[in-house]
Structures are given as structure tokens and as C-alpha cells.
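Engineer: The structure's right below; bear with me while I get my questions together.
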Amino acid sequence: MTTAVADLPRRLREILGDDAVLTGADCAPFLTDHRRLFTGRTPAVVLPRTVSEVSRLLALCDAARIGVVPHGGNTSYCGGATPDESGRQLVLSLQRMNRIRSVDAVNYSLTAEAGCILARVQQAAEEAGRFFPLSLGAEGSCQIGGNLSTNAGGVSVLRYGMMRDLVLGLEVVLPDGRVLETLSGLRKDNTGYDIKALFLGAEGTLGVITAATLKLFPQIRVRATALAAVPDVHAAVSLLALLREASGDCVSSFELIPRIGVELTTRHIAGVRDALGTPYPWYVLCELSSARAEEALDELLGEALGSAAAQGTVLDAVLARSGHERAALWKMRESIPEAQRREGAGLKHDISVPVSALAEFVTRAAKWLEAQVPEGRLVAYGHVGDGNLHFNLTQRAGADGAALLARESQVRGAIHDLVRECAGSFSAEHGVGRLKVAELERYAGAVELDLMRAVKRAFDPHGIMNPGKVLREQ
């Protein structure tokens, strides 16, 4: 360890105080990623409380050329918040910067610090009679800073957009310690380049987001939720179009679930049941929502599903008649990742293609997997409304899990090549992190990569911000 790194904890304590600098065994919870793909080392974990403290510690690290890894709720699927094995990268946790700074109900906006848990932001909006629409399975632990840095998606993108679409302003500490203050609540501001947009989805490689002003919406007063069985993915896409037209685009969520998803969750997750009883090849969990309490969404959804059934698009359906029934349906959908983990080894792909290409992609990819990967069963589920599928494999009963994992590189390449043929993306909402750096190099165009590297050099000339994530270290 160099002198600068060895002396770092002492110098950090001078800035932050003893209780805000962790070393030794206390660092362990911050060193392994959510999926346990990577375990790193660090000279210290710091927990600043103010923007000023973040500014001073970044200036120190920039001068000493010490890498800084921003850390949120540790829910990254790509190792984006984990230091490398060198022991030269500081971990910067935002968990103590967790205040709701202000809520402006008239302006439909809220300003929150980066360490705020997503569920707390949702709660603060609700308390003000407003609605913040970002919704993820990890919303009880993921932090707003991480949501911003990965441009998080979730189950409501169809209606409200990605995290990038929900941001009005940012507060960011740059690598040299300067603070970019753009926490405006304005919806119209054409005054030059939109600098803040560069930090959204940058995964902490350009600076540290410390706060954001977020868009709010009218509070949801009524929902209609149903689980519909469909014969294939093409029918699911057709049903989506039908519901959008019938409801006047009130569809807020539209989630595809395969039969194996029902089987895995009912087998491994307590309290989950098969709501339809009869097995079908595919299902859609769809939800309409409105801010108007008098909207007859249950009736509208029921009639639309009835019309789809008459056309053969829907094979069977059940409407949630209570909050409890709605929660049970969503529990099944949100438990698929955990159920897959409990089933055994698995391979994960976070892909997106145009909605119109989903059926073709699933058909072609499933055919290839069936022929080439006998160790695995396809578990394709996710956000049909925005073209994003979690296109995973789980090991077959009696199969060798290690053998399946050994095929990861080959399977990933084949799936991602097919995604490209269908004009899609190899990373829809999970980001690049450390895991997919080579994939970005493989699929991004030369001009695009050159521009990304130029932006990185401009913002972070010494390369201290989250080294090795998104772009390979130069």
C-alpha cells in the first residue's frame, strides 16, 4: 500500500470525524456486490453527512489520485458499487445523506438527498398528496442516488418513463471537489447544454450525485389489476395495444410472466399461489391507474379483457377485487428473482428490444437455448410495456449448475448478438457496472465510445471516479 493510501484514513477522519470513517472488518458489508459476483478491498469506507464533506474528501482523493466508489443501497446487478481488489479505492457511502430537503406540492416536485431510500421518497410524496412513480422490487433498500446513477426503470416505465424522465435538477460533487448546483424545479430551461443529464446513468463515473429535485404527479386514487393468461408473447403484445387504446393510455404496468415463473414462486416463496389454477404458457400482470377516484377502471379492464378473450388473445383472467388480492399478484411477479436464486444456478440477461420485435426475439432466442443449453430452462419475464425482459436461465432439475455457469460467456454472446439483430440493447435498466464493460466495447459504435471517453476525461481527468465501471480504465 502506498504512503498516500496508508495515510488516507487519518486524513479522512480530520475531515469527517472518527465515526464517519470505517476501516478493517467494519468495511465488509460494503465490499461484496448484491449478486456476490465481486468482492473488493478498500482502505476505508466513508459516510459523509453534508455536501461540504463530500466536496472536501473528493478534493483530497483527486489530489492523491485515489479512486472513489460511490455506494448506495448495494442493489446493483452489475457490480457498479463495489471496489476492485487493489485496496486503493475508497468506498463513499451516501447512507447518512438521507433527508427530504423540501416538498413543493404546488410545483409537483420534491428535493431529496441521494441516500434517501426510494420507499421514503414515495412516502413523502404521498404525505403531500402527490405520487412519485418509480417502483422497483428493491424499493425498500435502494437509494435515490443509485436510482439516478443507473437511470433505474422498474414496473411503471410504460406510463412515466425511466428515472431520467423523473428528474428536474441535480446537485453533484465533481471529482475535484467543486459542486454543481442545478436543483431547480423548472420544467422549461433552455440555457445551454443540459449538463445534469450526463450524470444520469453514468454510474458514479463522472461525479457524486448528492441530491435531486424530482417530478411528482397527482396521487393515484383508483387502480384496476388483473392477471391474464395468453397463448404466446405475440398475444401479450397485442393485448398491450388493446388496453392502451381502450383505456386512453391509463396502463401503468404491463408485466410478462412465463409459466415457469408461477411454478418457481409457488414452490419457493411462502404465500404465493397460482391465481388461475389451470396452467397456461404465458401470463400478463396488467394494471390501469387514474388520479380520478370516480374512474370505473375495474369495469373498463374487465370489458377489455373480455373483448380480448373473444378474439383468442386472452385464454383466462382474474381481476384483483381487493388490495390484498392485488398485493398477492404483485408478490408473485416481484418474487421471481428470489425464487430463481433458490432454485439453483442461473444466468441473467437484462435486454430490451422494440415492443414490436419482442415476440420474434423470444421465439428465436428460446429456440437457440433449447437446442444449445440443455442444462437450463428459460425464465423470461419483465416489462413488456417498454420492451425490457429479464431473459434468464435457471438450471434444470438434476442438471449440473456448474456446467450451466460455465456456459455463461457463450450464452451471453449469443443472446446479445440476437438482441443487436433485433435493434435492441444488452442492458435495459441494470446498467454496465464492472460486469458489462466488455459488452459495451463490443456493441457500442466507435464514435459513441470516443465521445463517452471524451466526456469522462473532461469531467474526471485523473480517473478517480468509480474506476473500471462503464469504461475500461485508461
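Chain labels A, B, ... are given in the sequence in which chains occur in the C-alpha cells; within each chain residues are numbered consecutively from 1, and ligands are likewise numbered from 1 in the order shown.
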Trp282 (chain A): which residues within 10 Å, counting only C-alpha atoms, same-chain residues fewer than 5 positions away excluded, as a PyMOL selection string?
Structural biologist: chain A and resi 228-233+235-236+256-262+315+380-381
Engineer: Generate a file of the selected residues that holds C-alpha atoms, formatted as a PDB file, in the first residue's frame.
Structural biologist:
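Contents of the output file out-v9.pdb:
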```pdb
ATOM      1  CA  ALA A 228     -54.391 -12.633 -17.753  1.00  0.00           C
ATOM      2  CA  ALA A 229     -53.255 -15.866 -19.381  1.00  0.00           C
ATOM      3  CA  VAL A 230     -52.144 -15.543 -23.012  1.00  0.00           C
ATOM      4  CA  PRO A 231     -51.070 -18.181 -25.550  1.00  0.00           C
ATOM      5  CA  ASP A 232     -47.779 -16.536 -26.542  1.00  0.00           C
ATOM      6  CA  VAL A 233     -45.720 -13.347 -26.461  1.00  0.00           C
ATOM      7  CA  ALA A 235     -50.696 -12.194 -27.918  1.00  0.00           C
ATOM      8  CA  ALA A 236     -49.238 -10.321 -24.939  1.00  0.00           C
ATOM      9  CA  LEU A 256     -44.908 -10.659 -18.753  1.00  0.00           C
ATOM     10  CA  ILE A 257     -44.658 -13.828 -16.631  1.00  0.00           C
ATOM     11  CA  PRO A 258     -43.872 -17.307 -18.023  1.00  0.00           C
ATOM     12  CA  ARG A 259     -45.391 -20.484 -16.639  1.00  0.00           C
ATOM     13  CA  ILE A 260     -42.071 -21.370 -15.025  1.00  0.00           C
ATOM     14  CA  GLY A 261     -42.257 -18.078 -13.127  1.00  0.00           C
ATOM     15  CA  VAL A 262     -45.506 -19.227 -11.499  1.00  0.00           C
ATOM     16  CA  LEU A 315     -57.233 -17.500 -22.517  1.00  0.00           C
ATOM     17  CA  ALA A 380     -38.164 -14.728 -19.465  1.00  0.00           C
ATOM     18  CA  TYR A 381     -40.161 -12.125 -17.577  1.00  0.00           C
TER      19      TYR A 381
END
```
Engineer: Residues of region 82-167 of chain A that have any atom at most 10 Å from an atom of region 288-296 of chain A: could you tabulate them with the shortest-distance atom pair and the distance in Å to one decimal, using only C-alpha atoms, ordered by chain and increasing number, as CSV?
Structural biologist:
```
residue,atom,partner,partner_atom,distance
A:Arg130,CA,A:Ala291,CA,9.9
A:Phe131,CA,A:Ala291,CA,9.6
A:Arg159,CA,A:Ser289,CA,9.7
```
Engineer: Let me see the file: selected residues, N, CA and C atoms, as a compact mmCIF listing (two decimals), in the first residue's frame.
Structural biologist:
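Output file again_27.txt is given in full below:
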```txt
# COMPACT_ATOMS: atom_id res chain seq x y z
N ARG A 130 -49.30 13.71 -3.23
CA ARG A 130 -48.74 13.56 -4.57
C ARG A 130 -48.23 12.13 -4.75
N PHE A 131 -47.70 11.84 -5.93
CA PHE A 131 -47.29 10.48 -6.27
C PHE A 131 -45.93 10.51 -6.97
N ARG A 159 -45.73 4.13 -18.38
CA ARG A 159 -46.57 5.32 -18.15
C ARG A 159 -45.74 6.57 -17.83
```
Engineer: Contacts of Ala20 (chain A) at 6 Å or less, counting only C-alpha atoms, minus same-chain residues fewer than 2 places along, as a list in words?
Structural biologist: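 Near Ala20 (chain A), the qualifying residues are Leu16, Gly17, Asp18, Val46 and Leu47 of chain A.
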Engineer: List as a list in words the protein and nucleic acid residues near Thr150 (chain A), meaning an atom at most 7 Å away when only C-alpha atoms are counted, but skip any in the same chain fewer than 6 places from it.
Structural biologist: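 Listed by chain and then number, they are Leu200, Gly201, Ala202, Glu203, His430 and Gly431 of chain A.
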Engineer: Show me, as an MDAnalysis selection string, the residues that have an atom within 9 Å of His234 (chain A) when counting only C-alpha atoms, minus same-chain residues fewer than 6 positions from it.
Structural biologist: chainID A and resid 313 356 358:360
Engineer: Could you pull out the alpha helix (DSSP H) residues of region 150-391 of chain A, going by DSSP on the backbone, and write them as a PyMOL selection string?
Structural biologist: chain A and resi 157-160+233-247+259-268+297-310+323-334+336-343+358-372
Engineer: Go through region 166-236 of chain A residue by residue and, counting only C-alpha atoms, keep those with an atom at most 12 Å from region 108-120 of chain A; for each kept residue give the shortest atom pair and its distance in Å to one decimal, ordered by chain and increasing number, as a Markdown table.
Structural biologist:
```
| residue | atom | partner | partner_atom | distance |
| --- | --- | --- | --- | --- |
| A:Leu166 | CA | A:Ser109 | CA | 9.7 |
| A:Val167 | CA | A:Ser109 | CA | 9.2 |
| A:Leu168 | CA | A:Ser109 | CA | 8.2 |
| A:Gly169 | CA | A:Thr111 | CA | 8.7 |
| A:Leu170 | CA | A:Thr111 | CA | 9.0 |
| A:Glu171 | CA | A:Glu113 | CA | 8.9 |
| A:Val172 | CA | A:Ala114 | CA | 9.8 |
| A:Val173 | CA | A:Ala114 | CA | 11.7 |
| A:Thr182 | CA | A:Thr111 | CA | 11.4 |
| A:Leu183 | CA | A:Thr111 | CA | 7.8 |
| A:Ser184 | CA | A:Thr111 | CA | 9.4 |
| A:Gly185 | CA | A:Ser109 | CA | 6.6 |
| A:Leu186 | CA | A:Ser109 | CA | 9.4 |
| A:Arg187 | CA | A:Ser109 | CA | 10.2 |
| A:Gly204 | CA | A:Ala114 | CA | 11.9 |
| A:Val208 | CA | A:Ala114 | CA | 9.1 |
| A:Ile209 | CA | A:Ala114 | CA | 6.4 |
| A:Thr210 | CA | A:Ala114 | CA | 4.9 |
| A:Ala211 | CA | A:Glu113 | CA | 4.0 |
| A:Ala212 | CA | A:Thr111 | CA | 5.5 |
| A:Thr213 | CA | A:Thr111 | CA | 4.1 |
| A:Leu214 | CA | A:Leu110 | CA | 5.2 |
| A:Lys215 | CA | A:Ser109 | CA | 4.8 |
| A:Leu216 | CA | A:Tyr108 | CA | 4.7 |
| A:Phe217 | CA | A:Tyr108 | CA | 6.2 |
| A:Pro218 | CA | A:Tyr108 | CA | 8.1 |
| A:Gln219 | CA | A:Tyr108 | CA | 10.5 |
```
Engineer: Please dump the current selection as a PDB file, in the first residue's frame; keep N, CA and C atoms.
Structural biologist:
```pdb
ATOM      1  N   LEU A 166     -37.760  11.556 -14.739  1.00  0.00           N
ATOM      2  CA  LEU A 166     -38.398  11.990 -13.491  1.00  0.00           C
ATOM      3  C   LEU A 166     -37.566  13.022 -12.734  1.00  0.00           C
ATOM      4  N   VAL A 167     -36.515  13.541 -13.378  1.00  0.00           N
ATOM      5  CA  VAL A 167     -35.583  14.452 -12.714  1.00  0.00           C
ATOM      6  C   VAL A 167     -35.721  15.861 -13.266  1.00  0.00           C
ATOM      7  N   LEU A 168     -35.800  16.848 -12.365  1.00  0.00           N
ATOM      8  CA  LEU A 168     -35.805  18.253 -12.758  1.00  0.00           C
ATOM      9  C   LEU A 168     -34.448  18.902 -12.522  1.00  0.00           C
ATOM     10  N   GLY A 169     -33.760  18.500 -11.469  1.00  0.00           N
ATOM     11  CA  GLY A 169     -32.473  19.110 -11.162  1.00  0.00           C
ATOM     12  C   GLY A 169     -31.607  18.213 -10.310  1.00  0.00           C
ATOM     13  N   LEU A 170     -30.301  18.487 -10.312  1.00  0.00           N
ATOM     14  CA  LEU A 170     -29.343  17.689  -9.544  1.00  0.00           C
ATOM     15  C   LEU A 170     -28.369  18.588  -8.783  1.00  0.00           C
ATOM     16  N   GLU A 171     -27.858  18.038  -7.711  1.00  0.00           N
ATOM     17  CA  GLU A 171     -26.691  18.583  -7.008  1.00  0.00           C
ATOM     18  C   GLU A 171     -25.614  17.511  -7.104  1.00  0.00           C
ATOM     19  N   VAL A 172     -24.458  17.855  -7.644  1.00  0.00           N
ATOM     20  CA  VAL A 172     -23.400  16.885  -7.891  1.00  0.00           C
ATOM     21  C   VAL A 172     -22.062  17.447  -7.429  1.00  0.00           C
ATOM     22  N   VAL A 173     -21.289  16.628  -6.743  1.00  0.00           N
ATOM     23  CA  VAL A 173     -19.920  16.999  -6.408  1.00  0.00           C
ATOM     24  C   VAL A 173     -18.995  16.397  -7.456  1.00  0.00           C
ATOM     25  N   THR A 182     -27.689  22.448  -9.615  1.00  0.00           N
ATOM     26  CA  THR A 182     -28.773  22.659 -10.586  1.00  0.00           C
ATOM     27  C   THR A 182     -30.076  22.100 -10.033  1.00  0.00           C
ATOM     28  N   LEU A 183     -30.362  22.369  -8.766  1.00  0.00           N
ATOM     29  CA  LEU A 183     -31.554  21.809  -8.119  1.00  0.00           C
ATOM     30  C   LEU A 183     -32.825  22.603  -8.437  1.00  0.00           C
ATOM     31  N   SER A 184     -32.891  23.162  -9.586  1.00  0.00           N
ATOM     32  CA  SER A 184     -34.063  23.921  -9.987  1.00  0.00           C
ATOM     33  C   SER A 184     -35.272  23.009 -10.138  1.00  0.00           C
ATOM     34  N   GLY A 185     -36.443  23.561  -9.855  1.00  0.00           N
ATOM     35  CA  GLY A 185     -37.685  22.830 -10.084  1.00  0.00           C
ATOM     36  C   GLY A 185     -38.325  23.187 -11.410  1.00  0.00           C
ATOM     37  N   LEU A 186     -37.562  23.827 -12.294  1.00  0.00           N
ATOM     38  CA  LEU A 186     -38.108  24.271 -13.571  1.00  0.00           C
ATOM     39  C   LEU A 186     -38.341  23.101 -14.517  1.00  0.00           C
ATOM     40  N   ARG A 187     -39.410  23.211 -15.288  1.00  0.00           N
ATOM     41  CA  ARG A 187     -39.673  22.243 -16.345  1.00  0.00           C
ATOM     42  C   ARG A 187     -39.256  22.769 -17.716  1.00  0.00           C
ATOM     43  N   GLY A 204     -21.863   6.878 -11.393  1.00  0.00           N
ATOM     44  CA  GLY A 204     -20.858   7.436 -10.499  1.00  0.00           C
ATOM     45  C   GLY A 204     -19.491   7.615 -11.115  1.00  0.00           C
ATOM     46  N   VAL A 208     -20.284  12.633  -7.944  1.00  0.00           N
ATOM     47  CA  VAL A 208     -21.142  12.048  -6.916  1.00  0.00           C
ATOM     48  C   VAL A 208     -22.428  12.863  -6.808  1.00  0.00           C
ATOM     49  N   ILE A 209     -23.545  12.254  -7.179  1.00  0.00           N
ATOM     50  CA  ILE A 209     -24.844  12.904  -7.008  1.00  0.00           C
ATOM     51  C   ILE A 209     -25.178  12.930  -5.520  1.00  0.00           C
ATOM     52  N   THR A 210     -25.443  14.127  -4.999  1.00  0.00           N
ATOM     53  CA  THR A 210     -25.743  14.248  -3.569  1.00  0.00           C
ATOM     54  C   THR A 210     -27.202  14.609  -3.296  1.00  0.00           C
ATOM     55  N   ALA A 211     -27.914  15.133  -4.291  1.00  0.00           N
ATOM     56  CA  ALA A 211     -29.342  15.446  -4.111  1.00  0.00           C
ATOM     57  C   ALA A 211     -29.982  15.615  -5.475  1.00  0.00           C
ATOM     58  N   ALA A 212     -31.301  15.524  -5.500  1.00  0.00           N
ATOM     59  CA  ALA A 212     -32.036  15.681  -6.752  1.00  0.00           C
ATOM     60  C   ALA A 212     -33.399  16.291  -6.493  1.00  0.00           C
ATOM     61  N   THR A 213     -33.854  17.097  -7.441  1.00  0.00           N
ATOM     62  CA  THR A 213     -35.233  17.562  -7.450  1.00  0.00           C
ATOM     63  C   THR A 213     -36.004  16.683  -8.428  1.00  0.00           C
ATOM     64  N   LEU A 214     -37.050  16.037  -7.929  1.00  0.00           N
ATOM     65  CA  LEU A 214     -37.772  15.005  -8.666  1.00  0.00           C
ATOM     66  C   LEU A 214     -39.187  15.460  -9.017  1.00  0.00           C
ATOM     67  N   LYS A 215     -39.697  14.958 -10.116  1.00  0.00           N
ATOM     68  CA  LYS A 215     -41.062  15.252 -10.534  1.00  0.00           C
ATOM     69  C   LYS A 215     -42.065  14.447  -9.711  1.00  0.00           C
ATOM     70  N   LEU A 216     -43.138  15.080  -9.327  1.00  0.00           N
ATOM     71  CA  LEU A 216     -44.257  14.391  -8.697  1.00  0.00           C
ATOM     72  C   LEU A 216     -45.475  14.461  -9.623  1.00  0.00           C
ATOM     73  N   PHE A 217     -46.466  13.628  -9.314  1.00  0.00           N
ATOM     74  CA  PHE A 217     -47.661  13.526 -10.142  1.00  0.00           C
ATOM     75  C   PHE A 217     -48.887  13.497  -9.229  1.00  0.00           C
ATOM     76  N   PRO A 218     -50.078  13.691  -9.798  1.00  0.00           N
ATOM     77  CA  PRO A 218     -51.288  13.565  -8.978  1.00  0.00           C
ATOM     78  C   PRO A 218     -51.351  12.190  -8.312  1.00  0.00           C
ATOM     79  N   GLN A 219     -51.823  12.166  -7.102  1.00  0.00           N
ATOM     80  CA  GLN A 219     -51.900  10.906  -6.361  1.00  0.00           C
ATOM     81  C   GLN A 219     -52.870   9.944  -7.051  1.00  0.00           C
TER      82      GLN A 219
END
```
Engineer: Quick one: of A:Asn392, A:Ser86, A:Ser352, A:Gln95, who's nearest to Phe426 (chain A), counting only C-alpha atoms?
Structural biologist: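 Among the listed residues, A:Ser352 lies closest to Phe426 (chain A).
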Engineer: Select from region 115-186 of chain A every residue with an atom at most 10 Å from any atom of region 62-69 of chain A, then for each give the shortest pair of atoms and their distance in Å to one decimal, using only C-alpha atoms, rows by chain and rising number, as a tab-separated table.
Structural biologist:
```
residue	atom	partner	partner_atom	distance
A:Leu174	CA	A:Asp62	CA	9.9
A:Pro175	CA	A:Asp62	CA	6.3
A:Asp176	CA	A:Asp62	CA	5.8
A:Gly177	CA	A:Asp62	CA	8.2
```
Engineer: For the selection just defined, write its residues with C-alpha atoms to a file, as a PDB file, in the first residue's frame.
Structural biologist:
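Produced file out_1.pdb, reproduced below:
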```
ATOM      1  CA  LEU A 174     -17.305  16.825  -9.141  1.00  0.00           C
ATOM      2  CA  PRO A 175     -14.081  14.803  -8.786  1.00  0.00           C
ATOM      3  CA  ASP A 176     -12.020  17.883  -7.914  1.00  0.00           C
ATOM      4  CA  GLY A 177     -14.456  18.896  -5.164  1.00  0.00           C
TER       5      GLY A 177
END
```
Engineer: Tell me, which residues of region 15-239 of chain A carry DSSP strand (DSSP E or B), written as a CSV table (one decimal) with C-alpha atoms, in the first residue's frame?
Structural biologist:
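This is the output file out.csv:
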```csv
chain,number,residue,atom,x,y,z
A,21,VAL,CA,-14.6,6.5,8.6
A,22,LEU,CA,-14.7,2.8,8.8
A,32,THR,CA,-19.4,-7.6,-1.9
A,39,THR,CA,-15.6,-8.8,-3.6
A,45,VAL,CA,-15.5,3.4,3.9
A,46,VAL,CA,-16.6,7.0,4.5
A,67,GLY,CA,-10.2,6.0,-6.7
A,68,VAL,CA,-13.6,6.7,-5.2
A,69,VAL,CA,-16.5,4.2,-5.5
A,70,PRO,CA,-19.9,5.8,-4.7
A,71,HIS,CA,-22.1,3.3,-2.8
A,89,GLN,CA,-10.3,2.5,-4.0
A,90,LEU,CA,-12.2,4.4,-1.3
A,91,VAL,CA,-15.9,3.5,-0.8
A,92,LEU,CA,-18.1,6.5,-0.3
A,93,SER,CA,-21.5,5.6,1.2
A,100,ILE,CA,-36.1,15.0,2.3
A,101,ARG,CA,-35.0,18.6,1.9
A,102,SER,CA,-38.3,20.0,0.6
A,103,VAL,CA,-41.6,19.2,-1.0
A,104,ASP,CA,-43.3,21.7,-3.3
A,109,SER,CA,-41.7,18.5,-7.1
A,110,LEU,CA,-39.6,17.1,-4.2
A,111,THR,CA,-35.9,17.5,-3.4
A,112,ALA,CA,-34.2,14.6,-1.7
A,113,GLU,CA,-30.7,13.7,-0.8
A,117,ILE,CA,-34.4,5.1,0.4
A,130,ARG,CA,-48.7,13.6,-4.6
A,131,PHE,CA,-47.3,10.5,-6.3
A,143,GLN,CA,-31.3,4.7,-2.6
A,167,VAL,CA,-35.6,14.5,-12.7
A,168,LEU,CA,-35.8,18.3,-12.8
A,169,GLY,CA,-32.5,19.1,-11.2
A,170,LEU,CA,-29.3,17.7,-9.5
A,171,GLU,CA,-26.7,18.6,-7.0
A,172,VAL,CA,-23.4,16.9,-7.9
A,173,VAL,CA,-19.9,17.0,-6.4
A,179,VAL,CA,-20.2,21.5,-6.5
A,180,LEU,CA,-22.6,21.6,-9.5
A,181,GLU,CA,-25.8,23.1,-8.2
A,182,THR,CA,-28.8,22.7,-10.6
A,208,VAL,CA,-21.1,12.0,-6.9
A,209,ILE,CA,-24.8,12.9,-7.0
A,210,THR,CA,-25.7,14.2,-3.6
A,211,ALA,CA,-29.3,15.4,-4.1
A,212,ALA,CA,-32.0,15.7,-6.8
A,213,THR,CA,-35.2,17.6,-7.5
A,214,LEU,CA,-37.8,15.0,-8.7
A,215,LYS,CA,-41.1,15.3,-10.5
A,217,PHE,CA,-47.7,13.5,-10.1
A,218,PRO,CA,-51.3,13.6,-9.0
A,222,VAL,CA,-58.0,4.1,-8.2
A,223,ARG,CA,-56.3,1.1,-9.7
A,224,ALA,CA,-57.5,-2.0,-11.6
A,225,THR,CA,-55.2,-5.0,-11.6
A,226,ALA,CA,-55.6,-8.3,-13.4
A,227,LEU,CA,-53.6,-11.5,-14.2
A,228,ALA,CA,-54.4,-12.6,-17.8
A,229,ALA,CA,-53.3,-15.9,-19.4
A,230,VAL,CA,-52.1,-15.5,-23.0
```
Engineer: Of the candidates A:Asn147, A:Ala357, A:Gly154, A:Cys422, which shows the shortest atom-to-atom distance to Ser135 (chain A), using only C-alpha atoms?
Structural biologist: A:Gly154
Engineer: Nearest residue to Glu245 (chain A) out of A:Ala124, A:Leu31, A:Val455, A:Leu301, using only C-alpha atoms?
Structural biologist: A:Leu301
Engineer: Return the single residue from A:Ala275, A:Val419, A:Leu264, A:Gly424 that is closest to Arg364 (chain A), with distances computed using only C-alpha atoms.
Structural biologist: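 Looking only at the distances to Arg364 (chain A), the closest residue turns out to be A:Val419.
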Engineer: Considering only C-alpha atoms, return as a VMD selection string whatever protein or nucleic-acid residues lie within 12 Å of Ser156 (chain A), sequence-local ones (same chain, fewer than 5 positions apart) excluded.
Structural biologist: chain A and resid 132 to 137 161 to 163 165 to 166 250 to 255 286 to 289 382 to 386 388
Engineer: Please provide as a list in words all residues within 10 Å of region 404-410 of chain A, with the sequence filter that same-chain residues fewer than 6 positions apart are discarded (counting only C-alpha atoms).
Structural biologist: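 Returned residues: Ala345, Gly346, Leu347, Lys348, Gln372, Val373, Pro374, Glu375, Gly376, Leu393, Thr394, Gln395 and Arg396 of chain A.
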Engineer: Can you write just those residues out, N, CA and C atoms, as a PDB file, in the first residue's frame?
Structural biologist:
```pdb
ATOM      1  N   ALA A 345     -28.485 -22.591  -9.787  1.00  0.00           N
ATOM      2  CA  ALA A 345     -27.653 -21.719 -10.609  1.00  0.00           C
ATOM      3  C   ALA A 345     -28.482 -21.078 -11.713  1.00  0.00           C
ATOM      4  N   GLY A 346     -28.081 -19.880 -12.101  1.00  0.00           N
ATOM      5  CA  GLY A 346     -28.814 -19.196 -13.152  1.00  0.00           C
ATOM      6  C   GLY A 346     -27.933 -18.227 -13.917  1.00  0.00           C
ATOM      7  N   LEU A 347     -28.358 -17.884 -15.117  1.00  0.00           N
ATOM      8  CA  LEU A 347     -27.713 -16.875 -15.949  1.00  0.00           C
ATOM      9  C   LEU A 347     -28.718 -15.761 -16.183  1.00  0.00           C
ATOM     10  N   LYS A 348     -28.250 -14.497 -16.130  1.00  0.00           N
ATOM     11  CA  LYS A 348     -29.157 -13.356 -16.210  1.00  0.00           C
ATOM     12  C   LYS A 348     -28.801 -12.461 -17.385  1.00  0.00           C
ATOM     13  N   GLN A 372     -29.155 -25.523 -27.647  1.00  0.00           N
ATOM     14  CA  GLN A 372     -27.745 -25.383 -27.296  1.00  0.00           C
ATOM     15  C   GLN A 372     -27.442 -25.462 -25.805  1.00  0.00           C
ATOM     16  N   VAL A 373     -28.448 -25.250 -24.942  1.00  0.00           N
ATOM     17  CA  VAL A 373     -28.186 -25.191 -23.499  1.00  0.00           C
ATOM     18  C   VAL A 373     -29.146 -26.127 -22.766  1.00  0.00           C
ATOM     19  N   PRO A 374     -28.934 -27.438 -22.863  1.00  0.00           N
ATOM     20  CA  PRO A 374     -29.856 -28.389 -22.232  1.00  0.00           C
ATOM     21  C   PRO A 374     -29.841 -28.308 -20.708  1.00  0.00           C
ATOM     22  N   GLU A 375     -28.793 -27.696 -20.131  1.00  0.00           N
ATOM     23  CA  GLU A 375     -28.719 -27.608 -18.662  1.00  0.00           C
ATOM     24  C   GLU A 375     -29.699 -26.591 -18.085  1.00  0.00           C
ATOM     25  N   GLY A 376     -30.216 -25.685 -18.945  1.00  0.00           N
ATOM     26  CA  GLY A 376     -31.016 -24.589 -18.416  1.00  0.00           C
ATOM     27  C   GLY A 376     -32.437 -24.533 -18.941  1.00  0.00           C
ATOM     28  N   LEU A 393     -31.863 -17.765 -17.435  1.00  0.00           N
ATOM     29  CA  LEU A 393     -31.932 -19.224 -17.436  1.00  0.00           C
ATOM     30  C   LEU A 393     -31.767 -19.700 -16.006  1.00  0.00           C
ATOM     31  N   THR A 394     -32.445 -20.772 -15.677  1.00  0.00           N
ATOM     32  CA  THR A 394     -32.242 -21.422 -14.393  1.00  0.00           C
ATOM     33  C   THR A 394     -31.962 -22.896 -14.647  1.00  0.00           C
ATOM     34  N   GLN A 395     -31.149 -23.496 -13.781  1.00  0.00           N
ATOM     35  CA  GLN A 395     -30.746 -24.876 -14.051  1.00  0.00           C
ATOM     36  C   GLN A 395     -31.934 -25.838 -13.963  1.00  0.00           C
ATOM     37  N   ARG A 396     -31.941 -26.799 -14.858  1.00  0.00           N
ATOM     38  CA  ARG A 396     -32.977 -27.825 -14.840  1.00  0.00           C
ATOM     39  C   ARG A 396     -32.781 -28.736 -13.629  1.00  0.00           C
TER      40      ARG A 396
END
```
